[in-house]
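One file, coords_31.csv, is given below (CSV, N, CA and C atoms and all ligand atoms).
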```csv
chain,number,residue,atom,x,y,z
X,10,MET,N,145.3,130.1,13.6
X,10,MET,CA,146.4,129.2,13.6
X,10,MET,C,147.5,129.7,12.7
X,11,PRO,N,148.8,129.8,13.2
X,11,PRO,CA,149.8,130.3,12.4
X,11,PRO,C,150.0,129.4,11.1
X,12,ARG,N,150.6,130.0,10.1
X,12,ARG,CA,150.7,129.3,8.8
X,12,ARG,C,151.5,128.0,8.9
X,13,TYR,N,152.6,128.1,9.7
X,13,TYR,CA,153.4,126.9,9.7
X,13,TYR,C,152.7,125.7,10.4
X,14,ARG,N,151.8,126.1,11.4
X,14,ARG,CA,151.1,125.0,12.1
X,14,ARG,C,150.1,124.4,11.1
X,15,ALA,N,149.4,125.2,10.3
X,15,ALA,CA,148.5,124.7,9.3
X,15,ALA,C,149.2,123.8,8.3
X,16,ARG,N,150.4,124.2,8.0
X,16,ARG,CA,151.2,123.4,7.0
X,16,ARG,C,151.5,122.0,7.5
X,17,TYR,N,151.6,121.9,8.8
X,17,TYR,CA,152.0,120.6,9.4
X,17,TYR,C,150.8,119.8,9.9
X,18,LEU,N,149.6,120.4,9.6
X,18,LEU,CA,148.4,119.7,10.1
X,18,LEU,C,147.8,118.9,8.9
X,19,ASP,N,148.0,117.6,9.0
X,19,ASP,CA,147.6,116.7,8.0
X,19,ASP,C,147.1,115.3,8.6
X,20,PRO,N,146.0,115.4,9.3
X,20,PRO,CA,145.6,114.2,10.1
X,20,PRO,C,145.3,113.0,9.3
X,21,GLU,N,145.0,113.2,8.0
X,21,GLU,CA,144.7,112.0,7.1
X,21,GLU,C,146.0,111.5,6.4
X,22,GLY,N,147.0,112.2,6.6
X,22,GLY,CA,148.3,111.8,5.9
X,22,GLY,C,148.2,112.0,4.4
X,23,GLU,N,147.4,112.9,3.9
X,23,GLU,CA,147.3,113.1,2.5
X,23,GLU,C,148.5,113.7,1.9
X,24,ARG,N,149.1,114.6,2.6
X,24,ARG,CA,150.3,115.4,2.1
X,24,ARG,C,151.6,114.6,2.4
X,25,TYR,N,151.6,114.1,3.6
X,25,TYR,CA,152.9,113.5,4.1
X,25,TYR,C,153.0,112.0,4.1
X,26,GLY,N,151.8,111.4,3.8
X,26,GLY,CA,151.8,109.9,3.7
X,26,GLY,C,151.7,109.3,5.1
X,27,LEU,N,151.6,110.1,6.1
X,27,LEU,CA,151.5,109.7,7.5
X,27,LEU,C,150.7,110.8,8.2
X,28,PRO,N,149.8,110.4,9.1
X,28,PRO,CA,149.1,111.4,9.8
X,28,PRO,C,150.1,112.4,10.5
X,29,THR,N,149.9,113.7,10.3
X,29,THR,CA,150.9,114.7,10.7
X,29,THR,C,150.3,115.8,11.4
X,30,TYR,N,150.9,116.2,12.5
X,30,TYR,CA,150.4,117.2,13.4
X,30,TYR,C,151.5,118.2,13.7
X,31,PRO,N,151.1,119.5,13.9
X,31,PRO,CA,152.2,120.4,14.3
X,31,PRO,C,152.6,120.1,15.7
X,32,TRP,N,153.8,120.6,16.1
X,32,TRP,CA,154.4,120.5,17.4
X,32,TRP,C,153.4,120.8,18.5
X,33,ARG,N,153.3,120.0,19.5
X,33,ARG,CA,152.4,120.1,20.6
X,33,ARG,C,150.9,120.0,20.3
X,34,SER,N,150.6,119.5,19.1
X,34,SER,CA,149.2,119.3,18.7
X,34,SER,C,148.9,117.9,18.5
X,35,ALA,N,149.7,116.9,18.9
X,35,ALA,CA,149.5,115.5,18.6
X,35,ALA,C,148.2,115.1,19.4
X,36,PRO,N,147.4,114.2,18.8
X,36,PRO,CA,146.2,113.7,19.6
X,36,PRO,C,146.6,113.0,20.8
X,37,VAL,N,145.7,113.0,21.7
X,37,VAL,CA,145.9,112.2,23.0
X,37,VAL,C,146.1,110.7,22.6
X,38,GLY,N,147.1,110.1,23.3
X,38,GLY,CA,147.3,108.7,23.1
X,38,GLY,C,148.5,108.4,22.2
X,39,LEU,N,149.0,109.4,21.5
X,39,LEU,CA,150.2,109.2,20.7
X,39,LEU,C,151.4,109.9,21.3
X,40,TYR,N,152.5,109.1,21.4
X,40,TYR,CA,153.6,109.6,22.1
X,40,TYR,C,154.9,109.2,21.3
X,41,THR,N,155.9,110.0,21.5
X,41,THR,CA,157.2,109.7,20.9
X,41,THR,C,157.8,108.6,21.7
X,42,ARG,N,158.8,108.0,21.1
X,42,ARG,CA,159.6,106.9,21.7
X,42,ARG,C,160.1,107.3,23.1
X,43,ARG,N,160.6,108.6,23.1
X,43,ARG,CA,161.2,109.1,24.4
X,43,ARG,C,160.1,109.3,25.4
X,44,GLN,N,158.9,109.8,25.0
X,44,GLN,CA,157.9,109.9,26.0
X,44,GLN,C,157.4,108.6,26.5
X,45,LEU,N,157.3,107.6,25.6
X,45,LEU,CA,157.0,106.3,26.1
X,45,LEU,C,158.0,105.7,27.1
X,46,ARG,N,159.2,106.0,26.8
X,46,ARG,CA,160.3,105.5,27.7
X,46,ARG,C,160.1,106.1,29.1
X,47,ALA,N,159.8,107.4,29.1
X,47,ALA,CA,159.6,108.0,30.4
X,47,ALA,C,158.4,107.4,31.2
X,48,MET,N,157.5,106.7,30.5
X,48,MET,CA,156.4,106.0,31.1
X,48,MET,C,156.8,104.5,31.3
X,49,ASP,N,158.0,104.2,31.1
X,49,ASP,CA,158.5,102.8,31.2
X,49,ASP,C,157.8,101.9,30.1
X,50,MET,N,157.5,102.5,29.0
X,50,MET,CA,156.9,101.8,27.9
X,50,MET,C,157.8,101.8,26.7
X,51,ALA,N,157.5,100.9,25.7
X,51,ALA,CA,158.3,100.8,24.5
X,51,ALA,C,157.2,100.6,23.4
X,52,PRO,N,157.6,101.1,22.1
X,52,PRO,CA,156.6,100.9,21.0
X,52,PRO,C,156.2,99.5,20.8
X,53,GLY,N,157.1,98.5,21.1
X,53,GLY,CA,156.8,97.1,21.0
X,53,GLY,C,156.5,96.6,19.6
X,54,GLY,N,157.3,97.1,18.6
X,54,GLY,CA,157.2,96.6,17.3
X,54,GLY,C,156.1,97.1,16.4
X,55,GLN,N,155.2,98.0,17.0
X,55,GLN,CA,154.1,98.6,16.2
X,55,GLN,C,154.7,99.6,15.2
X,56,PRO,N,154.0,99.7,14.1
X,56,PRO,CA,154.4,100.8,13.1
X,56,PRO,C,154.2,102.2,13.6
X,57,VAL,N,154.9,103.1,13.0
X,57,VAL,CA,154.7,104.5,13.4
X,57,VAL,C,153.3,104.9,13.1
X,58,ALA,N,152.6,105.5,14.1
X,58,ALA,CA,151.2,105.8,14.0
X,58,ALA,C,151.0,107.2,13.3
X,59,ALA,N,151.9,108.1,13.6
X,59,ALA,CA,151.8,109.5,13.2
X,59,ALA,C,153.1,110.2,13.4
X,60,GLN,N,153.1,111.5,13.0
X,60,GLN,CA,154.3,112.2,13.2
X,60,GLN,C,154.0,113.6,13.6
X,61,VAL,N,154.9,114.3,14.3
X,61,VAL,CA,154.7,115.7,14.5
X,61,VAL,C,155.9,116.4,13.7
X,62,MET,N,155.6,117.5,13.2
X,62,MET,CA,156.6,118.3,12.4
X,62,MET,C,156.6,119.7,12.9
X,63,TRP,N,157.8,120.2,13.0
X,63,TRP,CA,157.9,121.6,13.3
X,63,TRP,C,159.2,122.1,12.7
X,64,ARG,N,159.4,123.4,12.8
X,64,ARG,CA,160.7,124.0,12.3
X,64,ARG,C,161.6,124.4,13.5
X,65,ARG,N,162.8,124.1,13.3
X,65,ARG,CA,163.8,124.4,14.3
X,65,ARG,C,165.0,125.0,13.6
X,66,ARG,N,165.2,126.3,13.9
X,66,ARG,CA,166.3,127.0,13.2
X,66,ARG,C,166.2,126.8,11.7
X,67,GLY,N,165.0,126.9,11.1
X,67,GLY,CA,164.9,126.9,9.7
X,67,GLY,C,164.8,125.5,9.1
X,68,ASP,N,165.1,124.5,9.9
X,68,ASP,CA,165.0,123.1,9.4
X,68,ASP,C,163.7,122.5,9.9
X,69,GLU,N,163.2,121.6,9.0
X,69,GLU,CA,162.0,120.8,9.3
X,69,GLU,C,162.4,119.7,10.2
X,70,VAL,N,161.8,119.5,11.3
X,70,VAL,CA,162.1,118.4,12.2
X,70,VAL,C,160.9,117.5,12.4
X,71,VAL,N,161.1,116.2,12.4
X,71,VAL,CA,160.1,115.3,12.5
X,71,VAL,C,160.3,114.4,13.7
X,72,ALA,N,159.2,114.1,14.4
X,72,ALA,CA,159.3,113.1,15.5
X,72,ALA,C,158.2,112.1,15.3
X,73,TYR,N,158.5,110.8,15.4
X,73,TYR,CA,157.5,109.8,15.1
X,73,TYR,C,156.7,109.5,16.4
X,74,LEU,N,155.5,109.2,16.2
X,74,LEU,CA,154.6,109.0,17.3
X,74,LEU,C,154.0,107.5,17.3
X,75,TYR,N,153.9,107.0,18.5
X,75,TYR,CA,153.4,105.6,18.6
X,75,TYR,C,152.2,105.6,19.5
X,76,ASP,N,151.3,104.6,19.2
X,76,ASP,CA,150.0,104.5,19.9
X,76,ASP,C,150.3,103.8,21.3
X,77,LEU,N,150.0,104.6,22.3
X,77,LEU,CA,150.2,104.1,23.6
X,77,LEU,C,149.4,102.8,23.9
X,78,SER,N,148.2,102.7,23.3
X,78,SER,CA,147.4,101.5,23.6
X,78,SER,C,148.0,100.3,23.0
X,79,GLN,N,149.0,100.4,22.0
X,79,GLN,CA,149.7,99.3,21.4
X,79,GLN,C,151.1,99.1,22.0
X,80,ALA,N,151.5,100.0,22.9
X,80,ALA,CA,152.8,100.0,23.4
X,80,ALA,C,152.8,98.9,24.5
X,81,ARG,N,154.0,98.4,24.8
X,81,ARG,CA,154.1,97.4,25.9
X,81,ARG,C,155.0,97.9,26.9
X,82,ARG,N,154.8,97.4,28.1
X,82,ARG,CA,155.7,97.7,29.2
X,82,ARG,C,157.1,97.2,29.0
X,83,LYS,N,158.0,98.1,29.2
X,83,LYS,CA,159.4,97.7,29.0
X,83,LYS,C,159.8,96.6,30.0
X,84,ARG,N,160.6,95.7,29.5
X,84,ARG,CA,161.0,94.6,30.4
X,84,ARG,C,161.7,95.1,31.6
X,85,THR,N,161.2,94.9,32.8
X,85,THR,CA,161.8,95.3,34.0
X,85,THR,C,162.4,94.1,34.7
X,86,ALA,N,163.3,94.3,35.6
X,86,ALA,CA,164.0,93.2,36.2
X,86,ALA,C,163.0,92.4,37.1
X,87,THR,N,163.1,91.1,36.9
X,87,THR,CA,162.3,90.2,37.7
X,87,THR,C,162.8,90.1,39.1
X,88,PRO,N,162.0,89.7,40.1
X,88,PRO,CA,162.6,89.5,41.5
X,88,PRO,C,163.8,88.7,41.5
X,89,ALA,N,163.9,87.6,40.7
X,89,ALA,CA,165.0,86.8,40.7
X,89,ALA,C,166.3,87.5,40.2
X,90,VAL,N,166.1,88.4,39.2
X,90,VAL,CA,167.2,89.1,38.7
X,90,VAL,C,167.7,90.2,39.7
X,91,LEU,N,166.7,90.8,40.4
X,91,LEU,CA,167.0,91.8,41.4
X,91,LEU,C,167.8,91.1,42.6
X,92,ALA,N,167.3,89.9,42.9
X,92,ALA,CA,168.0,89.2,44.0
X,92,ALA,C,169.4,88.8,43.6
X,93,ALA,N,169.6,88.4,42.4
X,93,ALA,CA,171.0,88.1,41.9
X,93,ALA,C,171.9,89.3,41.9
X,94,ILE,N,171.3,90.5,41.5
X,94,ILE,CA,172.1,91.7,41.5
X,94,ILE,C,172.4,92.1,43.0
X,95,GLY,N,171.4,91.9,43.9
X,95,GLY,CA,171.7,92.2,45.3
X,95,GLY,C,172.8,91.4,45.9
X,96,LYS,N,172.7,90.1,45.5
X,96,LYS,CA,173.7,89.1,46.0
X,96,LYS,C,175.1,89.5,45.5
X,97,ALA,N,175.2,89.9,44.2
X,97,ALA,CA,176.5,90.2,43.6
X,97,ALA,C,177.0,91.5,44.3
X,98,LEU,N,176.1,92.4,44.6
X,98,LEU,CA,176.6,93.7,45.2
X,98,LEU,C,177.0,93.4,46.7
X,99,THR,N,176.3,92.5,47.4
X,99,THR,CA,176.7,92.1,48.7
X,99,THR,C,178.1,91.4,48.7
X,100,ALA,N,178.3,90.6,47.7
X,100,ALA,CA,179.6,89.9,47.6
X,100,ALA,C,180.7,90.9,47.4
X,101,ARG,N,180.5,92.0,46.7
X,101,ARG,CA,181.5,93.0,46.4
X,101,ARG,C,181.8,93.8,47.7
X,102,ARG,N,180.8,93.7,48.7
X,102,ARG,CA,181.0,94.4,49.9
X,102,ARG,C,181.5,93.5,51.0
X,103,THR,N,181.7,92.2,50.7
X,103,THR,CA,182.1,91.3,51.8
X,103,THR,C,183.6,91.1,51.8
X,104,CYS,N,184.2,91.3,52.9
X,104,CYS,CA,185.6,91.1,53.1
X,104,CYS,C,186.0,89.6,53.1
X,105,SER,N,187.0,89.2,52.3
X,105,SER,CA,187.3,87.8,52.2
X,105,SER,C,188.2,87.4,53.4
X,106,THR,N,188.7,88.4,54.2
X,106,THR,CA,189.5,88.1,55.3
X,106,THR,C,188.7,87.9,56.6
X,107,CYS,N,187.9,89.0,56.9
X,107,CYS,CA,187.1,88.9,58.1
X,107,CYS,C,185.6,88.5,57.9
X,108,CYS,N,185.2,88.4,56.6
X,108,CYS,CA,183.9,88.0,56.3
X,108,CYS,C,182.8,89.0,56.7
X,109,GLU,N,183.2,90.2,57.1
X,109,GLU,CA,182.2,91.3,57.4
X,109,GLU,C,181.7,91.9,56.1
X,110,VAL,N,180.4,92.2,56.1
X,110,VAL,CA,179.8,93.0,55.0
X,110,VAL,C,180.0,94.4,55.3
X,111,ARG,N,180.7,95.1,54.4
X,111,ARG,CA,181.0,96.5,54.7
X,111,ARG,C,180.1,97.4,53.9
X,112,PRO,N,179.9,98.7,54.3
X,112,PRO,CA,179.0,99.6,53.6
X,112,PRO,C,179.7,100.1,52.3
X,113,TYR,N,180.9,99.7,52.0
X,113,TYR,CA,181.6,100.1,50.8
X,113,TYR,C,182.0,98.9,50.0
X,114,PHE,N,182.4,99.0,48.7
X,114,PHE,CA,182.9,97.9,48.0
X,114,PHE,C,184.4,97.7,48.4
X,115,ILE,N,184.7,96.4,48.5
X,115,ILE,CA,186.0,96.0,48.9
X,115,ILE,C,187.0,96.5,47.9
X,116,PRO,N,188.0,97.3,48.2
X,116,PRO,CA,188.9,97.8,47.2
X,116,PRO,C,189.7,96.6,46.6
X,117,ARG,N,189.7,96.6,45.2
X,117,ARG,CA,190.4,95.5,44.5
X,117,ARG,C,191.9,95.4,44.9
X,118,ARG,N,192.5,96.6,45.1
X,118,ARG,CA,194.0,96.5,45.4
X,118,ARG,C,194.3,95.9,46.7
X,119,PHE,N,193.3,95.8,47.6
X,119,PHE,CA,193.6,95.2,48.9
X,119,PHE,C,193.0,93.7,48.9
X,120,GLY,N,191.9,93.6,48.2
X,120,GLY,CA,191.2,92.3,48.3
X,120,GLY,C,190.6,92.0,49.6
X,121,GLU,N,190.6,93.0,50.5
X,121,GLU,CA,189.9,92.9,51.8
X,121,GLU,C,189.5,94.2,52.2
X,122,CYS,N,188.7,94.3,53.4
X,122,CYS,CA,188.2,95.6,53.8
X,122,CYS,C,189.3,96.5,54.3
X,123,LEU,N,189.0,97.7,54.5
X,123,LEU,CA,190.0,98.7,54.9
X,123,LEU,C,190.5,98.4,56.3
X,124,ASP,N,189.6,97.9,57.2
X,124,ASP,CA,190.1,97.5,58.5
X,124,ASP,C,191.2,96.4,58.5
X,125,CYS,N,190.9,95.4,57.7
X,125,CYS,CA,191.9,94.3,57.5
X,125,CYS,C,193.1,94.8,56.8
X,126,ALA,N,193.0,95.6,55.8
X,126,ALA,CA,194.1,96.2,55.1
X,126,ALA,C,195.0,97.0,56.1
X,127,GLU,N,194.3,97.8,56.9
X,127,GLU,CA,195.0,98.6,57.9
X,127,GLU,C,195.7,97.7,58.9
X,128,ASP,N,195.0,96.7,59.4
X,128,ASP,CA,195.6,95.7,60.4
X,128,ASP,C,196.9,95.1,59.8
X,129,ALA,N,196.8,94.8,58.5
X,129,ALA,CA,197.9,94.1,57.8
X,129,ALA,C,199.0,95.1,57.4
X,130,GLY,N,198.7,96.4,57.7
X,130,GLY,CA,199.7,97.4,57.4
X,130,GLY,C,199.8,97.8,55.9
X,131,ARG,N,198.8,97.3,55.2
X,131,ARG,CA,198.7,97.6,53.7
X,131,ARG,C,198.3,99.0,53.5
X,132,LEU,N,197.3,99.4,54.3
X,132,LEU,CA,196.7,100.8,54.0
X,132,LEU,C,197.8,101.8,54.2
X,133,ALA,N,198.5,101.8,55.3
X,133,ALA,CA,199.5,102.8,55.6
X,133,ALA,C,200.6,102.8,54.5
X,134,ARG,N,201.0,101.6,54.1
X,134,ARG,CA,202.1,101.5,53.1
X,134,ARG,C,201.6,102.1,51.8
X,135,THR,N,200.4,101.8,51.4
X,135,THR,CA,199.9,102.3,50.2
X,135,THR,C,199.8,103.8,50.2
X,136,GLU,N,199.3,104.3,51.3
X,136,GLU,CA,199.1,105.7,51.4
X,136,GLU,C,200.4,106.5,51.4
X,137,ALA,N,201.4,105.8,52.0
X,137,ALA,CA,202.7,106.5,52.1
X,137,ALA,C,203.4,106.4,50.8
X,138,ALA,N,203.1,105.4,50.0
X,138,ALA,CA,203.8,105.3,48.7
X,138,ALA,C,203.4,106.4,47.7
X,201,ZN,ZN,188.1,92.6,56.7
```

Mind converting the file's structure to structure tokens?
Ligand SMILES: [Zn+2]
Amino acid sequence: MPRYRARYLDPEGERYGLPTYPWRSAPVGLYTRRQLRAMDMAPGGQPVAAQVMWRRRGDEVVAYLYDLSQARRKRTATPAVLAAIGKALTARRTCSTCCEVRPYFIPRRFGECLDCAEDAGRLARTEAA
């Protein structure tokens, strides 16, 4: 084991006050906040369980680790919230003139779909301007 790795190996936390492991040597089940987020998990208010330390360009870098078994699933949108979002998105695609649901958002400057804006002569005028 290279010297720097030995320096950062302190599983009992005797040297650093917190269980410490060299980079890539953290025990299974401990993850950084970023790794938890990638799994759609969050630390959930638990204390830092351990840390990994390594050197990067001469500086000591620390990343805190959390216990996955104490992490909680990040709040994800409930069906009701998803439905509300879907409704709002549909509303933004609905033309107030012809009431058609378009595959695109109704442009604010027209307040209606491109077909209606074109019929009303607004599209040509805007493009010519
Ligand atoms: Zn329309």

Find the residues of chain X that sit at most 5 Å from ligand ZN 201 (chain X); for each, write down the nearest two atoms and how far apart they are in Å, to one decimal. Count only N, CA and C atoms and all ligand atoms. Sort by chain, then by number going up, and give it as a Markdown table.
```
| residue | atom | partner | partner_atom | distance |
| --- | --- | --- | --- | --- |
| X:Cys104 | CA | X:ZN201 | ZN | 4.6 |
| X:Thr106 | C | X:ZN201 | ZN | 4.7 |
| X:Cys107 | N | X:ZN201 | ZN | 3.6 |
| X:Glu121 | C | X:ZN201 | ZN | 5.0 |
| X:Cys122 | N | X:ZN201 | ZN | 3.8 |
| X:Cys125 | N | X:ZN201 | ZN | 4.1 |
```

Next item on the list: Go through chain X and collect every residue that DSSP, computed from the backbone, puts in helix (DSSP H, G or I); the answer should be as a VMD selection string.
Entry: chain X and resid 12 to 16 42 to 47 77 to 79 88 to 101 123 to 128 131 to 137

Checklist line | All strand (DSSP E or B) positions in chain X, as a PyMOL selection string | finding: chain X and resi 19+29-31+39-40+50-51+59-65+68-76+81-82+103+110

Next item on the list: Using all atoms listed in the file, determine which residues lie at most 6.5 Å from Asp49 in chain X, disregarding the query and same-chain residues fewer than 4 positions distant; provide the list as a PyMOL selection string.
Entry: chain X and resi 44-45+81-83

Check: Do you have the atom N of Arg111 in chain X-atom C of Asp124 in chain X distance handy?
Finding: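 For atom N of Arg111 in chain X relative to atom C of Asp124 in chain X, the distance reads 11.3 Å.
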
Next item on the list: Go through X:Leu123, X:Pro28, X:Arg117, X:Leu39 one by one, measure the shortest atom-to-atom distance of each to Leu77 in chain X using all atoms listed in the file, and give the residue with the smallest value.
Entry: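 That would be X:Leu39, the residue with the smallest distance to Leu77 in chain X.
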
Check: Taking all atoms listed in the file into account, which of X:Glu21, X:Ala92, X:Glu127, X:Ala72 comes nearest Ala59 in chain X?
Finding: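 Using all atoms listed in the file, Ala59 in chain X sits closest to X:Ala72.
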
Next item on the list: Could you check how far atom C of Ala129 in chain X sits from atom N of Glu109 in chain X, in Å to one decimal?
Entry: 16.5 Å

Notebook entry, point to check: With distances taken over only C-alpha atoms, which of X:Pro52, X:Val61, X:Leu98, X:Arg84 is nearest to Gly22 in chain X?
Noted result: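 Once distances to Gly22 in chain X are computed over only C-alpha atoms, the minimum belongs to X:Val61.
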
Next item on the list: Mind checking which residues fall within 6 Å of Pro31 in chain X, counting only C-alpha atoms, ignoring those fewer than 2 positions away in the same chain, and posting them as a list in words?
Entry: Arg14, Tyr17, Leu18, Ser34, Val61, Met62 and Trp63 of chain X

Next item on the list: Grab the CA of Pro20 in chain X to atom N of Gln60 in chain X distance for me, in Å with one decimal place.
Entry: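 That distance, rounded to one decimal, is 8.5 Å.
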
Note to self: Taking (159.3, 107.0, 20.9) as a centre in this file's frame and 6.5 Å as the limit, can you find every polymer residue with an atom that close, using all atoms listed in the file, and give them as a list in words?
What the structure shows: Tyr40, Thr41, Arg42, Arg43, Gln44, Leu45, Arg46, Pro52, Tyr73, Leu74 and Tyr75 of chain X

Next item on the list: Go through X:Asp68, X:Asp76, X:Asp19, X:Asp128 and flag the residue nearest Gly38 in chain X, using all atoms listed in the file for the distances.
Entry: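 Of all the options, X:Asp76 lies closest to Gly38 in chain X.
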
Next item on the list: Select, from X:Ala35, X:Lys96, X:Val70, X:Ser105, the residue with the minimum atom-to-atom distance to Gly120 in chain X, counting all atoms listed in the file.
Entry: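 Closest residue, counting all atoms listed in the file: X:Ser105.
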